[in-house]
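Before any comments, here is the structure.
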Amino acid sequence: MIKHPDYNSPTELKNFLESRNMAMQKKFGQNFLINKDARKLLTDTLEIKPGTKVWEVGPGLGAMTSEILERGADLTVFEIDHGFAAAVSDFFEEYKNKGTFHLVEGDVLKTWKKTLEEQGQPDYFFGNLPYNIAASLVGDTIENGIRFKKMLITVQKEVAMRISSAVGSKDYSSFSVLCQWAYDAKPVITLSGGNFWPKPNVDSRAVLLTPKKDFPCCKNPLFFAKLQRALFASRRKTIKNNLSVFLSDAKKAEDAIAKAGLSENARAESLSVNQLLKLSDCIEN
């Protein structure tokens with residue numbers, strides 16, 4: 001088992017990368033959380049018990065991985081960067097031999113479903129998710145009917161705001177609807193760029209998502225997921241126009257909107273999750 005670098009020291013992290021001819025890749029949104037207190041807070045928020053099954057996306061060099069494994073978790077990490085995958089495999093060889101550390105190399109958007117089939121659903125999901133995959137990955141799990149007992153994600157502050165944005169606000173989107181339909185969201189900590197190395201130009205925020213009890217609240221969850229996405233596809237268009245295209249039937253769209261007690265001239269961003277759910281059931285009927 002190879003000794004890992006000091007996760008709080010940018011100099012040590014940089015030296016380690018150079019010693020293995022590795023480099024940070026901007027396309028993967030790689031930034032290390034070098035604030036030890038913040039890492040502890042995030043791990044404490046998960047409240048891991050021995051044997052808890054956890055998925056971690058983007059372990060990097062294993063700063064959070066180490067914290068999670070020390071709490072006794074059965075951990076699976078998803079890493080797209082071959083160099084980082086090789087490093088964490090070396091660092092946590094002891095846990096790998098115990099059967100409590102599993103590595104899935106490749107793009108998590110392409111590998112998570114197969115891993116789910118092989119391992120079953122984990123209890124918790126954790127990840128410091130880059131901007132370019134955050135909404136896709138979270139939305140993909142929800143649309144496929146997968147909800148974790150706890151989902152703790154650190155994302156760009158802008159993405160975090162979209163998760164809990166209010167109806168009618170500029171941040172309210174299809175992604176907001178999916179998250180608020182499936183989960184209750186609670187901000188945990190906002191982290192300025194100085195908490196990471198390399199230092200990003202934006203702030204990040206950790207958000208804890210816990211499953212809503214009254215889910216899915218509609219007759220056809222798969223249809224609802226597709227419907228709400230279609231209604232937000234062209235934000236400037238009315239729900240009548242978007243729904244007519246989605247159903248390929250203007251009359252059916254008009255009837256469903258009327259039954260749901262909505263205005264044909266309303267736009268998707270003005271509709272609450274409950275109103276969208278009602279519209280979905282009216283179409284189903």
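Chain labels A, B, ... are given in the sequence in which chains occur in the structure tokens; within each chain residues are numbered consecutively from 1, and ligands are likewise numbered from 1 in the order shown.
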
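Non-sequential neighbours of Gly127 of chain A (distance at most 10 Å, separation of 5 or more positions within a chain, only C-alpha atoms) are Trp55, Glu56, Val57, Gly58, Pro59, Met64, Val77, Phe78, Ala134, Met151, Leu152, Ile153, Thr154, Val155 and Ala206 of chain A.
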
Quiz item: What's the 9 Å shell around Asn220 of chain A, counting only C-alpha atoms, without same-chain residues fewer than 3 positions away, as a PyMOL selection string?
Solution: chain A and resi 216-217+223-225+280-281+284

Practice problem: Rank nothing, just name the residue among A:Thr111, A:Thr11, A:Thr100, A:Asn195 nearest to Asp37 of chain A, using only C-alpha atoms. | Solution: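 Distance minimum relative to Asp37 of chain A lands on A:Asn195.
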
Quiz item: atom CA of Thr76 of chain A to atom CA of His102 of chain A: how many Å, to one decimal?
Solution: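 Interatomic distance here is 4.5 Å.
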
Exercise. For each of A:Arg71, A:Lys150, A:Lys14, A:Arg267, take the minimum atom-to-atom distance to Phe32 of chain A, counting only C-alpha atoms, then give the residue where this is smallest.
Key: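 Going through A:Arg71, A:Lys150, A:Lys14, A:Arg267 one by one, the smallest distance to Phe32 of chain A is for A:Lys14.
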
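If you measure from each of A:Lys40, A:Leu61, A:Lys213, A:Phe126 to Phe16 of chain A using only C-alpha atoms, the closest one turns out to be A:Leu61.
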
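For the pair atom CA of Arg147 of chain A and atom CA of Cys218 of chain A, the interatomic distance is 16.2 Å.
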
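In terms of minimum interatomic distance to Val108 of chain A, A:Ile80 ranks closest within A:Ile80, A:Glu269, A:Val88, A:Ala253, counting only C-alpha atoms.
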
Practice problem: Apply DSSP to the backbone of this structure and, from segment 35-204 of chain A, keep only the residues in strand (DSSP E); write these as a ChimeraX atom specification. | Solution: /A:53-57,74-79,101-105,124-128,150-156,183-191,196-197,204

Practice problem: Show which residues sit within 9 Å of Asn274 of chain A, as a ChimeraX atom specification. Count only C-alpha atoms, and ignore same-chain residues fewer than 4 positions away. | Solution: /A:181,217,278-279

Self-check item: Spatial neighbours of Gly139 of chain A, max dist 12 Å, only C-alpha atoms, sep filter under 3 positions, as number ranges by chain
Solution: A: 109, 133-136, 142-147, 163, 173-183, 225-226, 229

Take the residues that were just selected and, keeping C-alpha atoms, output them as a PDB file, in the first residue's frame.
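Written output follows (out_10.pdb):
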ATOM      1  CA  LEU A 109     -22.583   8.466 -16.748  1.00  0.00           C
ATOM      2  CA  ILE A 133     -21.972  16.205 -15.329  1.00  0.00           C
ATOM      3  CA  ALA A 134     -23.748  17.257 -12.118  1.00  0.00           C
ATOM      4  CA  ALA A 135     -27.250  17.847 -13.502  1.00  0.00           C
ATOM      5  CA  SER A 136     -26.998  14.951 -15.953  1.00  0.00           C
ATOM      6  CA  ILE A 142     -33.981  10.190 -10.517  1.00  0.00           C
ATOM      7  CA  GLU A 143     -35.476   9.518 -13.956  1.00  0.00           C
ATOM      8  CA  ASN A 144     -34.450   5.884 -13.634  1.00  0.00           C
ATOM      9  CA  GLY A 145     -36.273   5.577 -10.310  1.00  0.00           C
ATOM     10  CA  ILE A 146     -33.122   5.483  -8.175  1.00  0.00           C
ATOM     11  CA  ARG A 147     -33.175   7.462  -4.939  1.00  0.00           C
ATOM     12  CA  ILE A 163     -31.655  22.449  -7.134  1.00  0.00           C
ATOM     13  CA  SER A 173     -35.655  24.576 -14.458  1.00  0.00           C
ATOM     14  CA  SER A 174     -36.416  20.992 -15.388  1.00  0.00           C
ATOM     15  CA  PHE A 175     -33.500  19.984 -13.149  1.00  0.00           C
ATOM     16  CA  SER A 176     -35.087  21.897 -10.244  1.00  0.00           C
ATOM     17  CA  VAL A 177     -38.373  20.066 -10.764  1.00  0.00           C
ATOM     18  CA  LEU A 178     -36.705  16.638 -10.824  1.00  0.00           C
ATOM     19  CA  CYS A 179     -34.757  17.325  -7.626  1.00  0.00           C
ATOM     20  CA  GLN A 180     -37.693  18.851  -5.746  1.00  0.00           C
ATOM     21  CA  TRP A 181     -40.007  16.056  -6.893  1.00  0.00           C
ATOM     22  CA  ALA A 182     -37.741  13.329  -5.507  1.00  0.00           C
ATOM     23  CA  TYR A 183     -35.806  14.938  -2.652  1.00  0.00           C
ATOM     24  CA  ALA A 225     -40.114  12.849 -16.023  1.00  0.00           C
ATOM     25  CA  LYS A 226     -40.376  13.044 -19.811  1.00  0.00           C
ATOM     26  CA  ARG A 229     -38.506  17.965 -19.490  1.00  0.00           C
TER      27      ARG A 229
END

Quiz item: Hey, what does DSSP flag as alpha helix (DSSP H) within segment 74-211 of chain A? Can you give it to me as a ChimeraX atom specification?
Solution: /A:82-91,93-98,108-119,131-143,157-163,174-182

Exercise. Fewer than 5 positions away in the same chain doesn't count, so skip those; otherwise give me all residues within 12 Å of Tyr95 of chain A, counting only C-alpha atoms, as a list in words.
Key: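 In the requested format, the answer is Met1, Thr65, Ser66, Ile68, Leu69, Glu70, Arg71, Gly72, Ala73, Asp74, Leu75, Thr76, Val88, Ser89, Asp90, Thr100, Phe101, His102 and Leu103 of chain A.
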
Practice problem: Do a neighbour search on segment 185-194 of chain A at 10 Å with only C-alpha atoms, toss out local chain neighbours closer than 2 positions, and write the hits as number ranges by chain. | Solution: A: 31, 33-35, 38, 41-42, 45, 151-157, 160-161, 163-164, 179-180, 182-183, 196-212

Quiz item: With distances taken over only C-alpha atoms, which of A:Lys149, A:Lys98, A:Lys240, A:Arg235 is nearest to Pro122 of chain A?
Solution: A:Lys149

Self-check item: Test item: residues at most 12 Å from Ile257 of chain A, only C-alpha atoms, excluding those fewer than 4 positions along its chain, as a ChimeraX atom specification
Solution: /A:238-244,250-253,261-267,271,275-283

Practice problem: May I ask which of the residues A:Ser248, A:Ser270, A:Thr115, A:Gln121 is the closest one to Ser165 of chain A, counting only C-alpha atoms? | Solution: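 Using only C-alpha atoms, Ser165 of chain A sits closest to A:Ser270.
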
Quiz item: How many Å lie between atom CA of Thr43 of chain A and atom CA of Arg162 of chain A, rounded to one decimal?
Solution: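 Distance reported for this atom pair: 23.7 Å.
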